[in-house]
$ cat structure-v2.txt   # compact mmCIF, N, CA, C and O atoms
# COMPACT_ATOMS: atom_id res chain seq x y z
N MET M 1 8.90 10.59 4.68
CA MET M 1 8.77 10.69 3.25
C MET M 1 7.44 10.06 2.84
O MET M 1 7.04 9.03 3.39
N ASN M 2 6.77 10.65 1.88
CA ASN M 2 5.53 10.10 1.32
C ASN M 2 5.88 9.34 0.05
O ASN M 2 6.49 9.90 -0.86
N ILE M 3 5.49 8.06 0.00
CA ILE M 3 5.81 7.21 -1.13
C ILE M 3 4.52 6.62 -1.69
O ILE M 3 3.71 6.06 -0.94
N SER M 4 4.34 6.74 -3.00
CA SER M 4 3.22 6.06 -3.65
C SER M 4 3.75 4.78 -4.27
O SER M 4 4.83 4.76 -4.86
N ILE M 5 2.98 3.72 -4.10
CA ILE M 5 3.34 2.42 -4.64
C ILE M 5 2.22 1.96 -5.56
O ILE M 5 1.07 1.82 -5.13
N PHE M 6 2.56 1.78 -6.83
CA PHE M 6 1.59 1.38 -7.84
C PHE M 6 1.59 -0.13 -7.98
O PHE M 6 2.59 -0.72 -8.35
N GLY M 7 0.45 -0.73 -7.66
CA GLY M 7 0.30 -2.18 -7.70
C GLY M 7 0.36 -2.73 -6.30
O GLY M 7 1.36 -2.59 -5.61
N LEU M 8 -0.73 -3.33 -5.86
CA LEU M 8 -0.80 -3.88 -4.50
C LEU M 8 -0.90 -5.40 -4.52
O LEU M 8 -1.61 -5.99 -3.72
N GLY M 9 -0.15 -6.00 -5.43
CA GLY M 9 -0.09 -7.46 -5.51
C GLY M 9 1.05 -7.96 -4.64
O GLY M 9 1.36 -7.39 -3.60
N TYR M 10 1.69 -9.05 -5.09
CA TYR M 10 2.73 -9.69 -4.28
C TYR M 10 3.87 -8.73 -3.92
O TYR M 10 4.24 -8.61 -2.76
N VAL M 11 4.41 -8.04 -4.89
CA VAL M 11 5.54 -7.14 -4.62
C VAL M 11 5.07 -5.86 -3.94
O VAL M 11 5.63 -5.42 -2.94
N GLY M 12 4.03 -5.25 -4.46
CA GLY M 12 3.56 -3.97 -3.94
C GLY M 12 3.02 -4.04 -2.53
O GLY M 12 3.26 -3.13 -1.72
N ALA M 13 2.30 -5.09 -2.19
CA ALA M 13 1.74 -5.21 -0.84
C ALA M 13 2.85 -5.39 0.20
O ALA M 13 2.83 -4.75 1.25
N VAL M 14 3.82 -6.24 -0.11
CA VAL M 14 4.93 -6.45 0.82
C VAL M 14 5.77 -5.19 0.94
O VAL M 14 6.14 -4.76 2.04
N THR M 15 6.08 -4.57 -0.19
CA THR M 15 6.87 -3.34 -0.19
C THR M 15 6.16 -2.24 0.61
O THR M 15 6.79 -1.55 1.41
N SER M 16 4.87 -2.10 0.40
CA SER M 16 4.09 -1.08 1.12
C SER M 16 4.16 -1.29 2.62
O SER M 16 4.43 -0.35 3.38
N ALA M 17 3.92 -2.51 3.05
CA ALA M 17 3.90 -2.81 4.48
C ALA M 17 5.27 -2.57 5.11
O ALA M 17 5.37 -1.98 6.19
N CYS M 18 6.32 -3.02 4.44
CA CYS M 18 7.66 -2.87 5.01
C CYS M 18 8.10 -1.41 5.04
O CYS M 18 8.65 -0.94 6.04
N LEU M 19 7.86 -0.67 3.97
CA LEU M 19 8.26 0.74 3.93
C LEU M 19 7.43 1.60 4.88
O LEU M 19 7.89 2.65 5.34
N ALA M 20 6.22 1.14 5.21
CA ALA M 20 5.35 1.91 6.10
C ALA M 20 5.90 1.97 7.52
O ALA M 20 5.47 2.80 8.32
N LYS M 21 6.86 1.13 7.84
CA LYS M 21 7.49 1.20 9.16
C LYS M 21 8.19 2.53 9.36
O LYS M 21 8.30 3.02 10.49
N THR M 22 8.67 3.13 8.26
CA THR M 22 9.44 4.38 8.37
C THR M 22 8.95 5.49 7.45
O THR M 22 9.50 6.59 7.48
N HIS M 23 7.94 5.22 6.61
CA HIS M 23 7.44 6.21 5.65
C HIS M 23 5.92 6.15 5.58
O HIS M 23 5.31 5.17 6.02
N ASN M 24 5.33 7.17 4.99
CA ASN M 24 3.89 7.18 4.72
C ASN M 24 3.68 6.63 3.31
O ASN M 24 4.31 7.10 2.36
N ILE M 25 2.77 5.66 3.18
CA ILE M 25 2.56 4.97 1.92
C ILE M 25 1.17 5.25 1.37
O ILE M 25 0.18 5.17 2.09
N ILE M 26 1.14 5.55 0.07
CA ILE M 26 -0.12 5.67 -0.66
C ILE M 26 -0.12 4.52 -1.67
O ILE M 26 0.62 4.55 -2.65
N GLY M 27 -0.90 3.50 -1.40
CA GLY M 27 -0.99 2.36 -2.31
C GLY M 27 -1.99 2.66 -3.41
O GLY M 27 -3.11 3.13 -3.13
N VAL M 28 -1.62 2.38 -4.64
CA VAL M 28 -2.48 2.66 -5.79
C VAL M 28 -2.75 1.37 -6.55
O VAL M 28 -1.82 0.64 -6.89
N ASP M 29 -4.03 1.09 -6.79
CA ASP M 29 -4.39 -0.10 -7.55
C ASP M 29 -5.78 0.12 -8.14
O ASP M 29 -6.64 0.73 -7.49
N PRO M 30 -6.03 -0.39 -9.35
CA PRO M 30 -7.37 -0.24 -9.95
C PRO M 30 -8.37 -1.27 -9.43
O PRO M 30 -9.57 -1.13 -9.67
N ASP M 31 -7.91 -2.29 -8.70
CA ASP M 31 -8.77 -3.37 -8.24
C ASP M 31 -9.49 -2.97 -6.95
O ASP M 31 -8.85 -2.86 -5.89
N PRO M 32 -10.81 -2.77 -7.00
CA PRO M 32 -11.54 -2.34 -5.80
C PRO M 32 -11.46 -3.35 -4.66
O PRO M 32 -11.52 -2.98 -3.49
N TYR M 33 -11.31 -4.63 -4.98
CA TYR M 33 -11.21 -5.65 -3.94
C TYR M 33 -9.92 -5.48 -3.14
O TYR M 33 -9.94 -5.50 -1.90
N LYS M 34 -8.79 -5.30 -3.84
CA LYS M 34 -7.52 -5.09 -3.15
C LYS M 34 -7.57 -3.82 -2.31
O LYS M 34 -7.09 -3.78 -1.18
N LEU M 35 -8.16 -2.76 -2.86
CA LEU M 35 -8.27 -1.50 -2.11
C LEU M 35 -9.09 -1.69 -0.85
O LEU M 35 -8.73 -1.19 0.22
N SER M 36 -10.20 -2.43 -0.95
CA SER M 36 -11.05 -2.62 0.23
C SER M 36 -10.33 -3.44 1.29
O SER M 36 -10.49 -3.18 2.49
N LEU M 37 -9.54 -4.41 0.87
CA LEU M 37 -8.78 -5.20 1.85
C LEU M 37 -7.76 -4.32 2.58
O LEU M 37 -7.68 -4.35 3.81
N ILE M 38 -6.99 -3.56 1.82
CA ILE M 38 -5.98 -2.69 2.45
C ILE M 38 -6.65 -1.70 3.39
O ILE M 38 -6.21 -1.51 4.53
N ARG M 39 -7.72 -1.08 2.94
CA ARG M 39 -8.43 -0.10 3.78
C ARG M 39 -8.96 -0.74 5.06
O ARG M 39 -9.08 -0.07 6.09
N ALA M 40 -9.26 -2.03 5.00
CA ALA M 40 -9.74 -2.76 6.19
C ALA M 40 -8.58 -3.29 7.03
O ALA M 40 -8.81 -3.97 8.03
N GLY M 41 -7.36 -3.00 6.61
CA GLY M 41 -6.19 -3.45 7.38
C GLY M 41 -5.83 -4.90 7.13
O GLY M 41 -5.25 -5.55 7.99
N LYS M 42 -6.16 -5.40 5.93
CA LYS M 42 -5.86 -6.79 5.60
C LYS M 42 -4.99 -6.83 4.35
O LYS M 42 -5.11 -5.99 3.47
N SER M 43 -4.17 -7.84 4.26
CA SER M 43 -3.30 -8.00 3.11
C SER M 43 -4.06 -8.67 1.96
O SER M 43 -4.81 -9.61 2.19
N PRO M 44 -3.83 -8.21 0.72
CA PRO M 44 -4.46 -8.88 -0.42
C PRO M 44 -3.74 -10.16 -0.83
O PRO M 44 -4.21 -10.88 -1.70
N ILE M 45 -2.62 -10.45 -0.20
CA ILE M 45 -1.88 -11.68 -0.50
C ILE M 45 -1.58 -12.42 0.80
O ILE M 45 -1.64 -11.84 1.88
N ILE M 46 -1.24 -13.69 0.66
CA ILE M 46 -0.90 -14.50 1.83
C ILE M 46 0.61 -14.54 1.96
O ILE M 46 1.31 -15.03 1.07
N GLU M 47 1.08 -13.98 3.05
CA GLU M 47 2.52 -13.97 3.36
C GLU M 47 2.61 -13.92 4.88
O GLU M 47 1.95 -13.09 5.52
N GLU M 48 3.41 -14.77 5.46
CA GLU M 48 3.49 -14.86 6.92
C GLU M 48 3.77 -13.50 7.56
O GLU M 48 4.72 -12.81 7.19
N GLY M 49 2.90 -13.11 8.49
CA GLY M 49 3.07 -11.87 9.24
C GLY M 49 2.60 -10.62 8.53
O GLY M 49 2.54 -9.54 9.13
N LEU M 50 2.21 -10.74 7.25
CA LEU M 50 1.85 -9.54 6.49
C LEU M 50 0.52 -8.95 6.93
O LEU M 50 0.38 -7.73 7.01
N ASP M 51 -0.47 -9.79 7.23
CA ASP M 51 -1.76 -9.27 7.69
C ASP M 51 -1.58 -8.40 8.94
O ASP M 51 -2.16 -7.32 9.04
N GLU M 52 -0.79 -8.89 9.88
CA GLU M 52 -0.58 -8.15 11.12
C GLU M 52 0.13 -6.83 10.87
O GLU M 52 -0.22 -5.80 11.45
N LEU M 53 1.13 -6.86 10.00
CA LEU M 53 1.88 -5.64 9.70
C LEU M 53 1.01 -4.63 8.96
O LEU M 53 1.00 -3.45 9.31
N VAL M 54 0.25 -5.08 7.98
CA VAL M 54 -0.65 -4.18 7.24
C VAL M 54 -1.67 -3.59 8.21
O VAL M 54 -1.93 -2.38 8.20
N SER M 55 -2.25 -4.42 9.05
CA SER M 55 -3.24 -3.95 10.02
C SER M 55 -2.66 -2.85 10.91
O SER M 55 -3.28 -1.79 11.11
N ARG M 56 -1.47 -3.10 11.44
CA ARG M 56 -0.83 -2.12 12.33
C ARG M 56 -0.53 -0.81 11.59
O ARG M 56 -0.79 0.28 12.11
N MET M 57 -0.03 -0.91 10.36
CA MET M 57 0.34 0.29 9.62
C MET M 57 -0.88 1.09 9.17
O MET M 57 -0.86 2.32 9.18
N VAL M 58 -1.98 0.41 8.84
CA VAL M 58 -3.22 1.11 8.49
C VAL M 58 -3.77 1.82 9.72
O VAL M 58 -4.18 2.98 9.65
N LYS M 59 -3.76 1.14 10.86
CA LYS M 59 -4.26 1.75 12.10
C LYS M 59 -3.45 2.99 12.48
O LYS M 59 -3.99 3.96 13.02
N LEU M 60 -2.16 2.96 12.20
CA LEU M 60 -1.29 4.10 12.48
C LEU M 60 -1.40 5.21 11.43
O LEU M 60 -0.82 6.27 11.59
N GLY M 61 -2.14 4.93 10.36
CA GLY M 61 -2.28 5.91 9.29
C GLY M 61 -1.08 5.97 8.37
O GLY M 61 -0.92 6.93 7.60
N ARG M 62 -0.23 4.95 8.40
CA ARG M 62 0.98 4.93 7.58
C ARG M 62 0.73 4.38 6.19
O ARG M 62 1.53 4.55 5.29
N ILE M 63 -0.40 3.65 6.01
CA ILE M 63 -0.78 3.13 4.69
C ILE M 63 -2.21 3.58 4.40
O ILE M 63 -3.11 3.39 5.22
N VAL M 64 -2.39 4.17 3.24
CA VAL M 64 -3.72 4.46 2.70
C VAL M 64 -3.77 3.87 1.30
O VAL M 64 -2.73 3.65 0.67
N ALA M 65 -4.96 3.60 0.80
CA ALA M 65 -5.12 3.00 -0.52
C ALA M 65 -6.07 3.83 -1.37
O ALA M 65 -7.07 4.35 -0.87
N THR M 66 -5.75 3.94 -2.65
CA THR M 66 -6.57 4.73 -3.57
C THR M 66 -6.49 4.17 -4.98
O THR M 66 -5.56 3.45 -5.32
N GLU M 67 -7.46 4.54 -5.79
CA GLU M 67 -7.42 4.22 -7.21
C GLU M 67 -7.02 5.45 -8.04
O GLU M 67 -6.88 5.38 -9.24
N HIS M 68 -6.78 6.56 -7.38
CA HIS M 68 -6.48 7.83 -8.04
C HIS M 68 -4.98 8.05 -8.19
O HIS M 68 -4.32 8.58 -7.28
N ALA M 69 -4.45 7.67 -9.33
CA ALA M 69 -3.01 7.73 -9.57
C ALA M 69 -2.46 9.15 -9.52
O ALA M 69 -1.42 9.39 -8.90
N GLN M 70 -3.13 10.08 -10.17
CA GLN M 70 -2.61 11.45 -10.21
C GLN M 70 -2.54 12.05 -8.81
O GLN M 70 -1.54 12.66 -8.44
N GLU M 71 -3.56 11.86 -8.03
CA GLU M 71 -3.58 12.36 -6.65
C GLU M 71 -2.42 11.76 -5.84
O GLU M 71 -1.75 12.45 -5.09
N ALA M 72 -2.20 10.47 -6.01
CA ALA M 72 -1.12 9.79 -5.27
C ALA M 72 0.24 10.37 -5.64
O ALA M 72 1.07 10.64 -4.77
N VAL M 73 0.47 10.58 -6.92
CA VAL M 73 1.76 11.13 -7.36
C VAL M 73 1.95 12.54 -6.82
O VAL M 73 3.04 12.88 -6.35
N LEU M 74 0.92 13.34 -6.87
CA LEU M 74 1.03 14.72 -6.39
C LEU M 74 1.29 14.79 -4.89
O LEU M 74 1.89 15.74 -4.41
N ARG M 75 0.86 13.78 -4.15
CA ARG M 75 1.06 13.75 -2.70
C ARG M 75 2.33 13.01 -2.29
O ARG M 75 2.59 12.84 -1.10
N SER M 76 3.13 12.57 -3.28
CA SER M 76 4.30 11.73 -3.00
C SER M 76 5.62 12.43 -3.30
O SER M 76 5.70 13.26 -4.19
N ASP M 77 6.62 12.04 -2.54
CA ASP M 77 7.99 12.46 -2.82
C ASP M 77 8.66 11.47 -3.77
O ASP M 77 9.63 11.80 -4.44
N LEU M 78 8.15 10.25 -3.79
CA LEU M 78 8.73 9.16 -4.58
C LEU M 78 7.61 8.22 -4.98
O LEU M 78 6.70 7.96 -4.19
N SER M 79 7.67 7.71 -6.21
CA SER M 79 6.71 6.70 -6.67
C SER M 79 7.45 5.45 -7.09
O SER M 79 8.49 5.52 -7.73
N ILE M 80 6.88 4.30 -6.72
CA ILE M 80 7.46 3.00 -7.07
C ILE M 80 6.41 2.21 -7.81
O ILE M 80 5.27 2.11 -7.37
N VAL M 81 6.81 1.63 -8.94
CA VAL M 81 5.89 0.85 -9.76
C VAL M 81 6.16 -0.64 -9.51
O VAL M 81 7.26 -1.12 -9.70
N CYS M 82 5.12 -1.35 -9.07
CA CYS M 82 5.21 -2.78 -8.77
C CYS M 82 4.07 -3.51 -9.47
O CYS M 82 3.17 -4.05 -8.83
N VAL M 83 4.08 -3.49 -10.79
CA VAL M 83 3.01 -4.12 -11.55
C VAL M 83 3.54 -5.32 -12.32
O VAL M 83 4.73 -5.43 -12.59
N GLY M 84 2.65 -6.21 -12.69
CA GLY M 84 3.01 -7.41 -13.43
C GLY M 84 3.59 -7.05 -14.80
O GLY M 84 3.22 -6.07 -15.42
N THR M 85 4.54 -7.87 -15.23
CA THR M 85 5.15 -7.63 -16.54
C THR M 85 4.79 -8.73 -17.50
O THR M 85 4.35 -9.78 -17.12
$ encode --input "structure-v2.txt" --output "structure tokens"
Amino acid sequence: MNISIFGLGYVGAVTSACLAKTHNIIGVDPDPYKLSLIRAGKSPIIEEGLDELVSRMVKLGRIVATEHAQEAVLRSDLSIVCVGT
């Protein structure tokens, strides 16, 4: 299943990495710094084991990152919103 996750902060980054074990993830965020970290296989947040998991999932092509929301939705079977309230 292709899943887009909006927001790559604390909730979105962890959710993306964990779901990427069994699904293809399109991470969406307007922050170019977070996008560059994910694209480089690094976590934008500090959580034990997350850097390694993100790195592995990016290398496998299970996580991609974009700022293009419409494209992500069109390529997804499911979208999850993980933004600050």
$ select_by_dssp --input "structure-v2.txt" --residues "range 19-84 of chain M" --states "strand (DSSP E or B)" --output "ChimeraX atom specification"
/M:24-28,63-66,78-81
$ select_by_dssp --input "structure-v2.txt" --residues "chain M" --states "helix (DSSP H, G or I)" --output "ChimeraX atom specification"
/M:10-19,32-39,50-59,69-74
$ residues_around --input "structure-v2.txt" --residues "range 5-19 of chain M" --least-positions-apart "3" --cutoff "7 Å" --atoms "all atoms listed in the file" --output "MDAnalysis selection string"
chainID M and resid 1 22:30 34 43:45 50 53:54 57 62:63 66 78:84
$ atom_distance --input "structure-v2.txt" --atom1 "atom C of Lys59 in chain M" --atom2 "atom C of Arg39 in chain M"
10.0 Å
$ closest_residue --input "structure-v2.txt" --among "M:Ala72, M:Ile3, M:Val64, M:Val58" --to "Gly41 in chain M" --atoms "only C-alpha atoms"
M:Val58
$ atom_distance --input "structure-v2.txt" --atom1 "atom C of Gly49 in chain M" --atom2 "atom C of Lys21 in chain M"
14.3 Å
$ closest_residue --input "structure-v2.txt" --among "M:Arg75, M:Thr85, M:Ser4, M:Ala65" --to "Ile38 in chain M" --atoms "only C-alpha atoms"
M:Ala65
$ atom_distance --input "structure-v2.txt" --atom1 "atom C of Asn2 in chain M" --atom2 "atom O of Ser76 in chain M"
5.8 Å
$ build_atoms --input "structure-v2.txt" --residues "range 21-32 of chain M" --atoms "all heavy atoms" --output "PDB file, keeping the file's coordinate frame"
ATOM      1  N   LYS M  21       6.860   1.130   7.840  1.00  0.00           N
ATOM      2  CA  LYS M  21       7.490   1.200   9.160  1.00  0.00           C
ATOM      3  C   LYS M  21       8.190   2.530   9.360  1.00  0.00           C
ATOM      4  O   LYS M  21       8.300   3.020  10.490  1.00  0.00           O
ATOM      5  CB  LYS M  21       8.485   0.061   9.336  1.00  0.00           C
ATOM      6  CG  LYS M  21       7.858  -1.312   9.385  1.00  0.00           C
ATOM      7  CD  LYS M  21       8.946  -2.364   9.494  1.00  0.00           C
ATOM      8  CE  LYS M  21       8.397  -3.760   9.455  1.00  0.00           C
ATOM      9  NZ  LYS M  21       9.480  -4.774   9.523  1.00  0.00           N
ATOM     10  N   THR M  22       8.670   3.130   8.260  1.00  0.00           N
ATOM     11  CA  THR M  22       9.440   4.380   8.370  1.00  0.00           C
ATOM     12  C   THR M  22       8.950   5.490   7.450  1.00  0.00           C
ATOM     13  O   THR M  22       9.500   6.590   7.480  1.00  0.00           O
ATOM     14  CB  THR M  22      10.930   4.123   8.077  1.00  0.00           C
ATOM     15  OG1 THR M  22      11.056   3.503   6.799  1.00  0.00           O
ATOM     16  CG2 THR M  22      11.550   3.235   9.143  1.00  0.00           C
ATOM     17  N   HIS M  23       7.940   5.220   6.610  1.00  0.00           N
ATOM     18  CA  HIS M  23       7.440   6.210   5.650  1.00  0.00           C
ATOM     19  C   HIS M  23       5.920   6.150   5.580  1.00  0.00           C
ATOM     20  O   HIS M  23       5.310   5.170   6.020  1.00  0.00           O
ATOM     21  CB  HIS M  23       8.028   5.951   4.253  1.00  0.00           C
ATOM     22  CG  HIS M  23       9.513   5.964   4.218  1.00  0.00           C
ATOM     23  ND1 HIS M  23      10.259   7.116   4.305  1.00  0.00           N
ATOM     24  CD2 HIS M  23      10.406   4.954   4.122  1.00  0.00           C
ATOM     25  CE1 HIS M  23      11.537   6.821   4.253  1.00  0.00           C
ATOM     26  NE2 HIS M  23      11.664   5.508   4.147  1.00  0.00           N
ATOM     27  N   ASN M  24       5.330   7.170   4.990  1.00  0.00           N
ATOM     28  CA  ASN M  24       3.890   7.180   4.720  1.00  0.00           C
ATOM     29  C   ASN M  24       3.680   6.630   3.310  1.00  0.00           C
ATOM     30  O   ASN M  24       4.310   7.100   2.360  1.00  0.00           O
ATOM     31  CB  ASN M  24       3.334   8.598   4.816  1.00  0.00           C
ATOM     32  CG  ASN M  24       3.469   9.141   6.215  1.00  0.00           C
ATOM     33  OD1 ASN M  24       3.098   8.483   7.180  1.00  0.00           O
ATOM     34  ND2 ASN M  24       4.012  10.334   6.334  1.00  0.00           N
ATOM     35  N   ILE M  25       2.770   5.660   3.180  1.00  0.00           N
ATOM     36  CA  ILE M  25       2.560   4.970   1.920  1.00  0.00           C
ATOM     37  C   ILE M  25       1.170   5.250   1.370  1.00  0.00           C
ATOM     38  O   ILE M  25       0.180   5.170   2.090  1.00  0.00           O
ATOM     39  CB  ILE M  25       2.729   3.444   2.105  1.00  0.00           C
ATOM     40  CG1 ILE M  25       4.089   3.107   2.719  1.00  0.00           C
ATOM     41  CG2 ILE M  25       2.496   2.711   0.780  1.00  0.00           C
ATOM     42  CD1 ILE M  25       5.286   3.564   1.913  1.00  0.00           C
ATOM     43  N   ILE M  26       1.140   5.550   0.070  1.00  0.00           N
ATOM     44  CA  ILE M  26      -0.120   5.670  -0.660  1.00  0.00           C
ATOM     45  C   ILE M  26      -0.120   4.520  -1.670  1.00  0.00           C
ATOM     46  O   ILE M  26       0.620   4.550  -2.650  1.00  0.00           O
ATOM     47  CB  ILE M  26      -0.235   7.016  -1.391  1.00  0.00           C
ATOM     48  CG1 ILE M  26      -0.055   8.177  -0.416  1.00  0.00           C
ATOM     49  CG2 ILE M  26      -1.572   7.107  -2.123  1.00  0.00           C
ATOM     50  CD1 ILE M  26       0.205   9.513  -1.092  1.00  0.00           C
ATOM     51  N   GLY M  27      -0.900   3.500  -1.400  1.00  0.00           N
ATOM     52  CA  GLY M  27      -0.990   2.360  -2.310  1.00  0.00           C
ATOM     53  C   GLY M  27      -1.990   2.660  -3.410  1.00  0.00           C
ATOM     54  O   GLY M  27      -3.110   3.130  -3.130  1.00  0.00           O
ATOM     55  N   VAL M  28      -1.620   2.380  -4.640  1.00  0.00           N
ATOM     56  CA  VAL M  28      -2.480   2.660  -5.790  1.00  0.00           C
ATOM     57  C   VAL M  28      -2.750   1.370  -6.550  1.00  0.00           C
ATOM     58  O   VAL M  28      -1.820   0.640  -6.890  1.00  0.00           O
ATOM     59  CB  VAL M  28      -1.824   3.678  -6.754  1.00  0.00           C
ATOM     60  CG1 VAL M  28      -2.763   4.020  -7.899  1.00  0.00           C
ATOM     61  CG2 VAL M  28      -1.392   4.936  -6.007  1.00  0.00           C
ATOM     62  N   ASP M  29      -4.030   1.090  -6.790  1.00  0.00           N
ATOM     63  CA  ASP M  29      -4.390  -0.100  -7.550  1.00  0.00           C
ATOM     64  C   ASP M  29      -5.780   0.120  -8.140  1.00  0.00           C
ATOM     65  O   ASP M  29      -6.640   0.730  -7.490  1.00  0.00           O
ATOM     66  CB  ASP M  29      -4.403  -1.330  -6.629  1.00  0.00           C
ATOM     67  CG  ASP M  29      -4.237  -2.628  -7.389  1.00  0.00           C
ATOM     68  OD1 ASP M  29      -5.182  -3.030  -8.099  1.00  0.00           O
ATOM     69  OD2 ASP M  29      -3.143  -3.219  -7.290  1.00  0.00           O
ATOM     70  N   PRO M  30      -6.030  -0.390  -9.350  1.00  0.00           N
ATOM     71  CA  PRO M  30      -7.370  -0.240  -9.950  1.00  0.00           C
ATOM     72  C   PRO M  30      -8.370  -1.270  -9.430  1.00  0.00           C
ATOM     73  O   PRO M  30      -9.570  -1.130  -9.670  1.00  0.00           O
ATOM     74  CB  PRO M  30      -7.107  -0.446 -11.445  1.00  0.00           C
ATOM     75  CG  PRO M  30      -5.920  -1.351 -11.492  1.00  0.00           C
ATOM     76  CD  PRO M  30      -5.076  -0.948 -10.295  1.00  0.00           C
ATOM     77  N   ASP M  31      -7.910  -2.290  -8.700  1.00  0.00           N
ATOM     78  CA  ASP M  31      -8.770  -3.370  -8.240  1.00  0.00           C
ATOM     79  C   ASP M  31      -9.490  -2.970  -6.950  1.00  0.00           C
ATOM     80  O   ASP M  31      -8.850  -2.860  -5.890  1.00  0.00           O
ATOM     81  CB  ASP M  31      -7.920  -4.619  -8.015  1.00  0.00           C
ATOM     82  CG  ASP M  31      -8.735  -5.835  -7.627  1.00  0.00           C
ATOM     83  OD1 ASP M  31      -9.885  -5.688  -7.162  1.00  0.00           O
ATOM     84  OD2 ASP M  31      -8.207  -6.954  -7.787  1.00  0.00           O
ATOM     85  N   PRO M  32     -10.810  -2.770  -7.000  1.00  0.00           N
ATOM     86  CA  PRO M  32     -11.540  -2.340  -5.800  1.00  0.00           C
ATOM     87  C   PRO M  32     -11.460  -3.350  -4.660  1.00  0.00           C
ATOM     88  O   PRO M  32     -11.520  -2.980  -3.490  1.00  0.00           O
ATOM     89  CB  PRO M  32     -12.978  -2.157  -6.269  1.00  0.00           C
ATOM     90  CG  PRO M  32     -13.050  -2.623  -7.669  1.00  0.00           C
ATOM     91  CD  PRO M  32     -11.678  -2.897  -8.171  1.00  0.00           C
TER      92      PRO M  32
END
